[in-house]
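J.: Below you will find the structure I want to go over with you.
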Amino acid sequence: MKKLLVLAFLLAMGSISFAAEPVITSGAVKDILTDPMDPAWDGAGATIIPMAPQNVATPGIKAASVPSIKVSSVHNDKDIAIKVEWYDSTVNDAVNMSDKFADACAVQFAVKPGTEPNFMMGEPNGPVQILQWKAAWEKDLAKGYQDVEQAYPNYNVDTYPETKAVPQKANYPVTSFSPNAQKYIAGLAAGNNLSNPLKNTSVEEMNAEGFGTLTAQATQNAKGKGVSDYRYWKVVIVRPLDSGDASDAVLKAGSTVPVAFTVWDGSKGERGARKNFSDGGWVKLNIQ
Amino acid sequence: MPKVKNWQIGRDMEYPYPESKPQKQVAFIFDPNKCIACQTCTMACKTTWTSGKGQEYVFWNNVESKPYGFYPLGWDVQTLGLLGPQKWEGGKYAGKTVFEAAPDQESVLGYLPNERDYESPNLAEDECSASVERGEHLKGVHKKWGFYLARICNHCAYPGCLAACPRKAIYKRAEDGIVLIDQKRCRGYRECVKACPYKKPFYNNTTRVSEKCISCYPKMEATGQQSQCTTNCIGKIRLNGFKSVDPAQANKDNPFDYLIHIRKIALPLYPQFGTQPNVYYIPPVHVDPKYLLQMFGPGAEEAVKAYRNAPNDKELLAALTIFGCAEPMTSKFKAEGDLAVGIDDKGAETARVPTREPSFVREFSQKTGAFLYNNS
Ligand code: SF4
Ligand code: SF4
């Protein structure tokens, strides 16, 4: 009787698959879906993936703050789009204040075809490609680089090194600084991706070969869009199936590849290794 | 977890990485007895390193009025509170360090300050331990106390910041023990801000990565001079140079080794935290000994005694007198009669100063009825 009930429940869930080992199916479409709110996603199917707390490496979290995510995918033989949805009652998109952390999610692929390196950030000689969508970058794109004046609209400053006197309460973006003045913005001068005020994507592309090795790629060719819709983050990450970049995984239609997911809840102070990952590690992505 | 030797707590302790000693260790000695809280050091540092966008609230150097001044708010009492009451058994710390007390899923016991903890950089300025009743100071010696605590990053032997960074973006330079945050590798997780018991890494709101005191290494490398906060100090309370890494190899000509290891008059700040900090303090002599014990460890009482006796202790007086007398780093000192002589690592003299200020006694003038003279 119990079994029957479960079966009936599964059937009632329609196209959502609840299999013990979830498989995400990426169906072929004509035009790639870049907007998470596009109604065409309804036809793409969805897979529920339970999440687990990262507690292997310190720092970690004790319990998953996001119990599960819903993943859909489509491709058009050129690009692949992956949609990740999860419940988060608070929108956290500020990283321009010392005690604030932002929501984010990431998708991970194995770079070497046919391999399944350690699903936690890969392993030496087993590189992974990580695409991280950041709520903070989404806000930068929508409203301009979020800086001190956005965090503290009433702040006062006389001047910064090598800049002219700052008109009080004026917007004084780093992009308007002379090259010399920009040298005093250490992270920017050092070439840190995070410090670059000129954002053209909300997705950062990185590689890793184990804990602590995450490195931003020289060529950034992923795009994305995230929308908070009635307390659900709906995020689409789009990348070329074959970007021609040697540090990216090559994805081919007609193949099944391993993929892993991570979600961060900024309101709980999650960042870096304090995160939720797809329970069991790699999930199968069937690119039809 | 590997075990490392921490001489400041008189025992081995747990640390996430095995022992790896630098060739030499940058060190600072501050003498709070002489600090006047003019904040010249703070401004020297601020104008040199942290006047950029995103660094508005950042003070790599700050001077706070103890016991109630803090930057950020409550930094030391918060960590002491997290640790809870702990004990010293003689020179050995019987309690837990911030590494040994780390909770599940953390490598260091710490807290991330609230943004508002940075609101008041000089909160409780000039407040003393309790209010002095009206006229109390006229009735004799009162027991109320206060002092100015100048603080920078301690370039710890076992940095909490470094231990907590999951990206290994923080490193301790092998050549001089300076602790730095790689501005390209940092991803702004603020694990270092959370883990440093001294709260000396700061998050940059513009670059979205963390930064900290760099011990003025570009100045030191280019000129051999002491840090900006040291050479600009009005009260001449600071000395910046190198100490021997191993206390057993302390050299009595080296003013750092002499004051830290041989005379044990310059003490680490909160040694019980376990990071083996390398900024050393001469305990302020008029402060409640219990407070000094908590802040500087069990050596505080003896240090105060020795300091009080410095006028009769030629060598100690010479070592204390070279503070603030030269821009170059002094690696050796000696007492020559009533003179203190500082020498750099190439043998050149950096300072030659009298250990006693020349004094002149004015006679009482019957004519004016005062000690004051003018031409009349
Ligand atoms: S004082 Fe703090 S920031 Fe400086 S080395 Fe020690 S733990 Fe790191
Ligand atoms: S410059 Fe010297 S005397 Fe003045 S506040 Fe700083 S440490 Fe104290």
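Ordered as shown in the structure tokens, chains take letters A, B, and onward, while each chain numbers its residues from 1 and ligands are numbered from 1 in the order shown.
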For ligand 2, list the contacting residues at 9 Å or closer, counting only C-alpha atoms and all ligand atoms, as a ChimeraX atom specification.
T.: /B:30-32,34-44,61-64,148-151,229-238
J.: Which residues, written as a PDB file with N, CA, C and O atoms, in the first residue's frame, have at least one atom at most 6 Å from Val341 (chain B), with only C-alpha atoms counted and residues fewer than 4 positions away on the same chain left out?
T.:
```
ATOM      1  N   PHE B 333      72.798  47.627  20.080  1.00  0.00           N
ATOM      2  CA  PHE B 333      72.879  48.820  20.928  1.00  0.00           C
ATOM      3  C   PHE B 333      73.928  48.587  21.998  1.00  0.00           C
ATOM      4  O   PHE B 333      74.322  47.447  22.276  1.00  0.00           O
ATOM      5  N   LYS B 334      74.414  49.687  22.578  1.00  0.00           N
ATOM      6  CA  LYS B 334      75.288  49.551  23.755  1.00  0.00           C
ATOM      7  C   LYS B 334      75.182  50.805  24.599  1.00  0.00           C
ATOM      8  O   LYS B 334      74.750  51.867  24.113  1.00  0.00           O
ATOM      9  N   ALA B 351      72.323  55.959  16.115  1.00  0.00           N
ATOM     10  CA  ALA B 351      71.940  56.927  17.146  1.00  0.00           C
ATOM     11  C   ALA B 351      73.017  57.002  18.222  1.00  0.00           C
ATOM     12  O   ALA B 351      73.703  56.009  18.514  1.00  0.00           O
ATOM     13  N   ARG B 352      73.175  58.181  18.779  1.00  0.00           N
ATOM     14  CA  ARG B 352      74.075  58.393  19.931  1.00  0.00           C
ATOM     15  C   ARG B 352      73.375  59.451  20.757  1.00  0.00           C
ATOM     16  O   ARG B 352      73.350  60.628  20.390  1.00  0.00           O
TER      17      ARG B 352
END
```
J.: Per residue of chain B within 6 Å of chain A, note the shortest atom pair and the distance in Å to one decimal, counting only C-alpha atoms, and order the rows by chain and increasing residue number, as JSON lines.
T.:
```
{"residue": "B:Gly52", "atom": "CA", "partner": "A:Tyr160", "partner_atom": "CA", "distance": 5.4}
{"residue": "B:Gln105", "atom": "CA", "partner": "A:Gly60", "partner_atom": "CA", "distance": 4.9}
{"residue": "B:Glu106", "atom": "CA", "partner": "A:Pro59", "partner_atom": "CA", "distance": 4.8}
{"residue": "B:Asn114", "atom": "CA", "partner": "A:Asp99", "partner_atom": "CA", "distance": 5.8}
{"residue": "B:Glu115", "atom": "CA", "partner": "A:Asp99", "partner_atom": "CA", "distance": 5.5}
{"residue": "B:Pro166", "atom": "CA", "partner": "A:Gly212", "partner_atom": "CA", "distance": 5.5}
{"residue": "B:Arg167", "atom": "CA", "partner": "A:Gly212", "partner_atom": "CA", "distance": 4.0}
{"residue": "B:Gln183", "atom": "CA", "partner": "A:Gly187", "partner_atom": "CA", "distance": 5.2}
{"residue": "B:Lys184", "atom": "CA", "partner": "A:Asn192", "partner_atom": "CA", "distance": 4.7}
{"residue": "B:Tyr203", "atom": "CA", "partner": "A:Ser98", "partner_atom": "CA", "distance": 5.6}
{"residue": "B:Asn205", "atom": "CA", "partner": "A:Asn96", "partner_atom": "CA", "distance": 4.5}
{"residue": "B:Thr206", "atom": "CA", "partner": "A:Asp147", "partner_atom": "CA", "distance": 5.3}
{"residue": "B:Thr207", "atom": "CA", "partner": "A:Ser195", "partner_atom": "CA", "distance": 4.2}
```
J.: Please produce a file of those selected residues containing N, CA, C and O atoms, as a PDB file, in the first residue's frame.
T.:
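Below you can see selection31.pdb, which holds the result:
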```
ATOM      1  N   GLY B  52      42.863  55.045   0.266  1.00  0.00           N
ATOM      2  CA  GLY B  52      42.168  54.772  -0.989  1.00  0.00           C
ATOM      3  C   GLY B  52      40.682  54.521  -0.799  1.00  0.00           C
ATOM      4  O   GLY B  52      40.180  54.411   0.323  1.00  0.00           O
ATOM      5  N   GLN B 105      33.894  22.538  12.528  1.00  0.00           N
ATOM      6  CA  GLN B 105      33.849  23.175  11.209  1.00  0.00           C
ATOM      7  C   GLN B 105      34.649  24.472  11.106  1.00  0.00           C
ATOM      8  O   GLN B 105      34.545  25.211  10.128  1.00  0.00           O
ATOM      9  N   GLU B 106      35.437  24.796  12.133  1.00  0.00           N
ATOM     10  CA  GLU B 106      36.259  26.013  12.094  1.00  0.00           C
ATOM     11  C   GLU B 106      37.696  25.617  12.400  1.00  0.00           C
ATOM     12  O   GLU B 106      37.940  24.644  13.112  1.00  0.00           O
ATOM     13  N   ASN B 114      30.593  42.953  13.526  1.00  0.00           N
ATOM     14  CA  ASN B 114      29.477  43.607  12.856  1.00  0.00           C
ATOM     15  C   ASN B 114      30.021  44.873  12.218  1.00  0.00           C
ATOM     16  O   ASN B 114      30.929  45.504  12.762  1.00  0.00           O
ATOM     17  N   GLU B 115      29.451  45.244  11.105  1.00  0.00           N
ATOM     18  CA  GLU B 115      29.868  46.450  10.408  1.00  0.00           C
ATOM     19  C   GLU B 115      29.865  47.666  11.355  1.00  0.00           C
ATOM     20  O   GLU B 115      30.730  48.524  11.298  1.00  0.00           O
ATOM     21  N   PRO B 166      41.051  29.567   3.609  1.00  0.00           N
ATOM     22  CA  PRO B 166      40.962  28.284   2.910  1.00  0.00           C
ATOM     23  C   PRO B 166      41.685  28.320   1.562  1.00  0.00           C
ATOM     24  O   PRO B 166      41.897  27.281   0.956  1.00  0.00           O
ATOM     25  N   ARG B 167      42.054  29.516   1.105  1.00  0.00           N
ATOM     26  CA  ARG B 167      42.702  29.641  -0.205  1.00  0.00           C
ATOM     27  C   ARG B 167      44.214  29.746  -0.123  1.00  0.00           C
ATOM     28  O   ARG B 167      44.883  29.918  -1.129  1.00  0.00           O
ATOM     29  N   GLN B 183      46.838  39.915  -2.877  1.00  0.00           N
ATOM     30  CA  GLN B 183      45.668  40.670  -3.338  1.00  0.00           C
ATOM     31  C   GLN B 183      45.005  40.049  -4.557  1.00  0.00           C
ATOM     32  O   GLN B 183      43.876  40.377  -4.893  1.00  0.00           O
ATOM     33  N   LYS B 184      45.713  39.163  -5.239  1.00  0.00           N
ATOM     34  CA  LYS B 184      45.089  38.520  -6.386  1.00  0.00           C
ATOM     35  C   LYS B 184      44.404  37.212  -5.995  1.00  0.00           C
ATOM     36  O   LYS B 184      43.373  36.858  -6.550  1.00  0.00           O
ATOM     37  N   TYR B 203      38.416  44.305   5.544  1.00  0.00           N
ATOM     38  CA  TYR B 203      37.802  44.079   4.229  1.00  0.00           C
ATOM     39  C   TYR B 203      37.730  45.411   3.496  1.00  0.00           C
ATOM     40  O   TYR B 203      37.311  46.420   4.074  1.00  0.00           O
ATOM     41  N   ASN B 205      35.899  47.654   1.023  1.00  0.00           N
ATOM     42  CA  ASN B 205      34.539  47.705   0.474  1.00  0.00           C
ATOM     43  C   ASN B 205      34.508  47.974  -1.023  1.00  0.00           C
ATOM     44  O   ASN B 205      33.500  47.730  -1.670  1.00  0.00           O
ATOM     45  N   THR B 206      35.594  48.496  -1.561  1.00  0.00           N
ATOM     46  CA  THR B 206      35.640  48.774  -2.992  1.00  0.00           C
ATOM     47  C   THR B 206      36.196  47.581  -3.773  1.00  0.00           C
ATOM     48  O   THR B 206      35.625  47.169  -4.774  1.00  0.00           O
ATOM     49  N   THR B 207      37.303  47.020  -3.281  1.00  0.00           N
ATOM     50  CA  THR B 207      37.915  45.917  -4.044  1.00  0.00           C
ATOM     51  C   THR B 207      37.315  44.562  -3.678  1.00  0.00           C
ATOM     52  O   THR B 207      37.547  43.578  -4.359  1.00  0.00           O
TER      53      THR B 207
END
```
J.: Enumerate as a list in words the residues within 6 Å of ligand 1, counting only C-alpha atoms and all ligand atoms.
T.: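 Within the 6 Å cut-off, the matching residues are Cys153, Asn154, His155, Cys156, Pro159, Gly160, Cys161, Val179, Cys196, Tyr198, Lys199, Lys200 and Pro201 of chain B.
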J.: Please produce a file of the residues just selected, as a PDB file, in the first residue's frame, where the atoms kept are N, CA and C atoms.
T.:
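Here's the written file again.pdb:
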```
ATOM      1  N   CYS B 153      49.108  45.087  13.140  1.00  0.00           N
ATOM      2  CA  CYS B 153      49.181  43.633  12.969  1.00  0.00           C
ATOM      3  C   CYS B 153      50.442  43.139  13.653  1.00  0.00           C
ATOM      4  N   ASN B 154      50.359  41.994  14.282  1.00  0.00           N
ATOM      5  CA  ASN B 154      51.471  41.461  15.072  1.00  0.00           C
ATOM      6  C   ASN B 154      52.440  40.578  14.277  1.00  0.00           C
ATOM      7  N   HIS B 155      52.200  40.414  13.002  1.00  0.00           N
ATOM      8  CA  HIS B 155      53.050  39.548  12.175  1.00  0.00           C
ATOM      9  C   HIS B 155      53.422  38.283  12.952  1.00  0.00           C
ATOM     10  N   CYS B 156      52.348  37.643  13.419  1.00  0.00           N
ATOM     11  CA  CYS B 156      52.442  36.509  14.325  1.00  0.00           C
ATOM     12  C   CYS B 156      53.273  35.360  13.747  1.00  0.00           C
ATOM     13  N   PRO B 159      50.075  32.805  12.607  1.00  0.00           N
ATOM     14  CA  PRO B 159      48.968  33.742  12.373  1.00  0.00           C
ATOM     15  C   PRO B 159      47.612  33.046  12.313  1.00  0.00           C
ATOM     16  N   GLY B 160      46.652  33.620  13.019  1.00  0.00           N
ATOM     17  CA  GLY B 160      45.284  33.117  12.958  1.00  0.00           C
ATOM     18  C   GLY B 160      44.701  33.363  11.583  1.00  0.00           C
ATOM     19  N   CYS B 161      45.046  34.512  11.002  1.00  0.00           N
ATOM     20  CA  CYS B 161      44.533  34.883   9.679  1.00  0.00           C
ATOM     21  C   CYS B 161      44.945  33.840   8.650  1.00  0.00           C
ATOM     22  N   VAL B 179      53.733  39.044   7.460  1.00  0.00           N
ATOM     23  CA  VAL B 179      52.542  38.310   7.026  1.00  0.00           C
ATOM     24  C   VAL B 179      51.753  39.174   6.038  1.00  0.00           C
ATOM     25  N   CYS B 196      41.436  36.408  13.021  1.00  0.00           N
ATOM     26  CA  CYS B 196      42.497  37.162  13.702  1.00  0.00           C
ATOM     27  C   CYS B 196      41.977  37.650  15.048  1.00  0.00           C
ATOM     28  N   TYR B 198      43.172  39.736  16.896  1.00  0.00           N
ATOM     29  CA  TYR B 198      43.479  41.160  17.056  1.00  0.00           C
ATOM     30  C   TYR B 198      42.681  42.018  16.076  1.00  0.00           C
ATOM     31  N   LYS B 199      41.917  41.367  15.218  1.00  0.00           N
ATOM     32  CA  LYS B 199      41.070  42.031  14.215  1.00  0.00           C
ATOM     33  C   LYS B 199      41.868  43.026  13.376  1.00  0.00           C
ATOM     34  N   LYS B 200      42.971  42.560  12.847  1.00  0.00           N
ATOM     35  CA  LYS B 200      43.807  43.446  12.064  1.00  0.00           C
ATOM     36  C   LYS B 200      43.727  43.269  10.550  1.00  0.00           C
ATOM     37  N   PRO B 201      43.131  42.234  10.010  1.00  0.00           N
ATOM     38  CA  PRO B 201      42.821  42.302   8.586  1.00  0.00           C
ATOM     39  C   PRO B 201      41.506  43.076   8.414  1.00  0.00           C
TER      40      PRO B 201
END
```
J.: For Gly342 (chain B), which residue among B:Leu293, B:Ala266, B:Val98, B:Leu239 is the nearest when counting only C-alpha atoms?
T.: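 Distance minimum relative to Gly342 (chain B) lands on B:Leu239.
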J.: Tell me which of A:Gln108, A:Gln288, A:Glu204, A:Gly281 sits closest to Glu21 (chain A), counting only C-alpha atoms.
T.: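 Closest candidate: A:Gly281.
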J.: Would you please extract all alpha helix (DSSP H) residues from region 134-281 of chain A, as assigned by DSSP on the backbone, and give them as a PDB file with N, CA and C atoms, in the first residue's frame?
T.:
```pdb
ATOM      1  N   ALA A 135      24.895  36.826  -6.980  1.00  0.00           N
ATOM      2  CA  ALA A 135      23.844  37.836  -6.847  1.00  0.00           C
ATOM      3  C   ALA A 135      24.452  39.237  -6.841  1.00  0.00           C
ATOM      4  N   ALA A 136      25.650  39.356  -6.260  1.00  0.00           N
ATOM      5  CA  ALA A 136      26.299  40.674  -6.164  1.00  0.00           C
ATOM      6  C   ALA A 136      26.670  41.204  -7.545  1.00  0.00           C
ATOM      7  N   TRP A 137      27.128  40.316  -8.414  1.00  0.00           N
ATOM      8  CA  TRP A 137      27.497  40.762  -9.765  1.00  0.00           C
ATOM      9  C   TRP A 137      26.243  41.078 -10.582  1.00  0.00           C
ATOM     10  N   GLU A 138      25.174  40.331 -10.307  1.00  0.00           N
ATOM     11  CA  GLU A 138      23.905  40.603 -10.993  1.00  0.00           C
ATOM     12  C   GLU A 138      23.475  42.039 -10.676  1.00  0.00           C
ATOM     13  N   LYS A 139      23.662  42.424  -9.412  1.00  0.00           N
ATOM     14  CA  LYS A 139      23.307  43.783  -9.012  1.00  0.00           C
ATOM     15  C   LYS A 139      24.247  44.811  -9.658  1.00  0.00           C
ATOM     16  N   ASP A 140      25.533  44.471  -9.739  1.00  0.00           N
ATOM     17  CA  ASP A 140      26.486  45.367 -10.415  1.00  0.00           C
ATOM     18  C   ASP A 140      26.032  45.629 -11.848  1.00  0.00           C
ATOM     19  N   LEU A 141      25.587  44.541 -12.505  1.00  0.00           N
ATOM     20  CA  LEU A 141      25.168  44.672 -13.902  1.00  0.00           C
ATOM     21  C   LEU A 141      23.919  45.544 -14.007  1.00  0.00           C
ATOM     22  N   ALA A 142      23.006  45.336 -13.063  1.00  0.00           N
ATOM     23  CA  ALA A 142      21.730  46.054 -13.139  1.00  0.00           C
ATOM     24  C   ALA A 142      21.860  47.514 -12.718  1.00  0.00           C
ATOM     25  N   LYS A 143      22.687  47.769 -11.681  1.00  0.00           N
ATOM     26  CA  LYS A 143      22.700  49.114 -11.097  1.00  0.00           C
ATOM     27  C   LYS A 143      24.054  49.789 -11.129  1.00  0.00           C
ATOM     28  N   VAL A 148      31.370  52.040  -2.250  1.00  0.00           N
ATOM     29  CA  VAL A 148      31.169  52.653  -0.932  1.00  0.00           C
ATOM     30  C   VAL A 148      29.945  53.571  -0.918  1.00  0.00           C
ATOM     31  N   GLU A 149      29.778  54.368  -1.974  1.00  0.00           N
ATOM     32  CA  GLU A 149      28.666  55.337  -1.952  1.00  0.00           C
ATOM     33  C   GLU A 149      27.300  54.658  -2.024  1.00  0.00           C
ATOM     34  N   GLN A 150      27.263  53.436  -2.573  1.00  0.00           N
ATOM     35  CA  GLN A 150      25.995  52.710  -2.579  1.00  0.00           C
ATOM     36  C   GLN A 150      25.732  52.086  -1.205  1.00  0.00           C
ATOM     37  N   ALA A 151      26.806  51.636  -0.547  1.00  0.00           N
ATOM     38  CA  ALA A 151      26.641  51.039   0.782  1.00  0.00           C
ATOM     39  C   ALA A 151      26.336  52.106   1.827  1.00  0.00           C
ATOM     40  N   PRO A 179      44.433  56.268 -14.534  1.00  0.00           N
ATOM     41  CA  PRO A 179      45.188  55.015 -14.331  1.00  0.00           C
ATOM     42  C   PRO A 179      46.093  55.085 -13.104  1.00  0.00           C
ATOM     43  N   ASN A 180      46.671  56.251 -12.839  1.00  0.00           N
ATOM     44  CA  ASN A 180      47.528  56.397 -11.663  1.00  0.00           C
ATOM     45  C   ASN A 180      46.750  56.239 -10.370  1.00  0.00           C
ATOM     46  N   ALA A 181      45.572  56.854 -10.334  1.00  0.00           N
ATOM     47  CA  ALA A 181      44.749  56.773  -9.124  1.00  0.00           C
ATOM     48  C   ALA A 181      44.261  55.346  -8.910  1.00  0.00           C
ATOM     49  N   GLN A 182      44.045  54.633  -9.999  1.00  0.00           N
ATOM     50  CA  GLN A 182      43.573  53.239  -9.875  1.00  0.00           C
ATOM     51  C   GLN A 182      44.622  52.336  -9.256  1.00  0.00           C
ATOM     52  N   ALA A 186      44.160  48.468  -4.462  1.00  0.00           N
ATOM     53  CA  ALA A 186      45.110  47.347  -4.520  1.00  0.00           C
ATOM     54  C   ALA A 186      44.592  46.119  -5.278  1.00  0.00           C
ATOM     55  N   GLY A 187      43.407  45.641  -4.938  1.00  0.00           N
ATOM     56  CA  GLY A 187      42.882  44.437  -5.592  1.00  0.00           C
ATOM     57  C   GLY A 187      42.752  44.623  -7.100  1.00  0.00           C
ATOM     58  N   LEU A 188      42.329  45.821  -7.477  1.00  0.00           N
ATOM     59  CA  LEU A 188      42.174  46.142  -8.892  1.00  0.00           C
ATOM     60  C   LEU A 188      43.541  46.171  -9.574  1.00  0.00           C
ATOM     61  N   ALA A 189      44.497  46.846  -8.916  1.00  0.00           N
ATOM     62  CA  ALA A 189      45.844  46.948  -9.481  1.00  0.00           C
ATOM     63  C   ALA A 189      46.492  45.566  -9.597  1.00  0.00           C
TER      64      ALA A 189
END
```
J.: Just want the 10 Å neighbourhood of Lys252 (chain A), counted on only C-alpha atoms, with same-chain residues fewer than 5 positions away dropped. Output as a PyMOL selection string.
T.: chain A and resi 77-78+80+241-242+257+286-288
J.: Output N, CA and C atoms for every residue in that selection, as a compact mmCIF listing (two decimals), in the first residue's frame.
T.:
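Full text of selection39.txt as output:
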```txt
# COMPACT_ATOMS: atom_id res chain seq x y z
N ASP A 77 22.91 23.08 -29.57
CA ASP A 77 24.09 22.60 -30.30
C ASP A 77 25.26 23.57 -30.26
N LYS A 78 25.01 24.79 -29.81
CA LYS A 78 26.11 25.77 -29.73
C LYS A 78 26.34 26.12 -28.25
N ILE A 80 24.87 25.81 -24.06
CA ILE A 80 24.03 25.05 -23.13
C ILE A 80 23.61 26.00 -22.02
N LEU A 241 28.96 25.11 -25.65
CA LEU A 241 29.22 23.67 -25.49
C LEU A 241 30.71 23.41 -25.67
N ASP A 242 31.27 24.02 -26.71
CA ASP A 242 32.71 23.92 -26.93
C ASP A 242 33.23 25.33 -27.14
N VAL A 257 27.53 13.67 -19.16
CA VAL A 257 28.73 14.11 -18.43
C VAL A 257 28.38 14.35 -16.96
N ASN A 286 22.57 14.54 -19.05
CA ASN A 286 22.42 13.88 -20.34
C ASN A 286 22.10 14.94 -21.40
N ILE A 287 23.10 15.21 -22.27
CA ILE A 287 22.91 16.25 -23.29
C ILE A 287 22.38 15.56 -24.55
N GLN A 288 21.11 15.77 -24.83
CA GLN A 288 20.47 14.99 -25.90
C GLN A 288 20.80 15.51 -27.30
```
J.: Would you list the contacts of Thr34 (chain A) as a PDB file with all heavy atoms, in the first residue's frame, taking every protein, DNA or RNA residue within 8 Å and counting only C-alpha atoms, but skipping same-chain residues closer than 6 positions in sequence?
T.:
```pdb
ATOM      1  N   ALA A  81      22.348  25.888 -21.621  1.00  0.00           N
ATOM      2  CA  ALA A  81      21.839  26.716 -20.525  1.00  0.00           C
ATOM      3  C   ALA A  81      21.448  25.795 -19.387  1.00  0.00           C
ATOM      4  O   ALA A  81      20.797  24.772 -19.601  1.00  0.00           O
ATOM      5  CB  ALA A  81      20.641  27.529 -20.995  1.00  0.00           C
ATOM      6  N   GLY A 224      25.070  34.793 -17.612  1.00  0.00           N
ATOM      7  CA  GLY A 224      24.038  34.292 -16.720  1.00  0.00           C
ATOM      8  C   GLY A 224      23.034  35.360 -16.364  1.00  0.00           C
ATOM      9  O   GLY A 224      23.220  36.543 -16.658  1.00  0.00           O
ATOM     10  N   LYS A 225      21.965  34.896 -15.746  1.00  0.00           N
ATOM     11  CA  LYS A 225      20.977  35.838 -15.243  1.00  0.00           C
ATOM     12  C   LYS A 225      20.261  35.202 -14.065  1.00  0.00           C
ATOM     13  O   LYS A 225      19.860  34.046 -14.116  1.00  0.00           O
ATOM     14  CB  LYS A 225      19.977  36.210 -16.339  1.00  0.00           C
ATOM     15  CG  LYS A 225      18.998  37.283 -15.885  1.00  0.00           C
ATOM     16  CD  LYS A 225      18.293  37.940 -17.062  1.00  0.00           C
ATOM     17  CE  LYS A 225      17.257  38.955 -16.594  1.00  0.00           C
ATOM     18  NZ  LYS A 225      17.824  40.052 -15.780  1.00  0.00           N
ATOM     19  N   VAL A 236      19.962  31.306 -14.441  1.00  0.00           N
ATOM     20  CA  VAL A 236      20.376  30.586 -15.646  1.00  0.00           C
ATOM     21  C   VAL A 236      21.851  30.878 -15.912  1.00  0.00           C
ATOM     22  O   VAL A 236      22.270  32.038 -15.883  1.00  0.00           O
ATOM     23  CB  VAL A 236      19.539  31.008 -16.873  1.00  0.00           C
ATOM     24  CG1 VAL A 236      20.107  30.382 -18.150  1.00  0.00           C
ATOM     25  CG2 VAL A 236      18.090  30.583 -16.700  1.00  0.00           C
ATOM     26  N   ILE A 237      22.620  29.818 -16.121  1.00  0.00           N
ATOM     27  CA  ILE A 237      24.028  29.968 -16.491  1.00  0.00           C
ATOM     28  C   ILE A 237      24.173  29.416 -17.906  1.00  0.00           C
ATOM     29  O   ILE A 237      23.736  28.297 -18.186  1.00  0.00           O
ATOM     30  CB  ILE A 237      24.950  29.207 -15.504  1.00  0.00           C
ATOM     31  CG1 ILE A 237      24.848  29.862 -14.116  1.00  0.00           C
ATOM     32  CG2 ILE A 237      26.389  29.169 -16.001  1.00  0.00           C
ATOM     33  CD1 ILE A 237      25.611  29.134 -13.021  1.00  0.00           C
ATOM     34  N   VAL A 238      24.736  30.214 -18.786  1.00  0.00           N
ATOM     35  CA  VAL A 238      24.871  29.806 -20.190  1.00  0.00           C
ATOM     36  C   VAL A 238      26.354  29.782 -20.567  1.00  0.00           C
ATOM     37  O   VAL A 238      27.078  30.726 -20.256  1.00  0.00           O
ATOM     38  CB  VAL A 238      24.139  30.799 -21.131  1.00  0.00           C
ATOM     39  CG1 VAL A 238      24.220  30.318 -22.580  1.00  0.00           C
ATOM     40  CG2 VAL A 238      22.685  30.977 -20.716  1.00  0.00           C
TER      41      VAL A 238
END
```
J.: Here is a test: counting only C-alpha atoms, which residue of A:Pro36, A:Gly144, A:Gly114, A:Gly210 is nearest to Val250 (chain A)?
T.: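 When distances to Val250 (chain A) are compared using only C-alpha atoms, the smallest one comes from A:Gly114.
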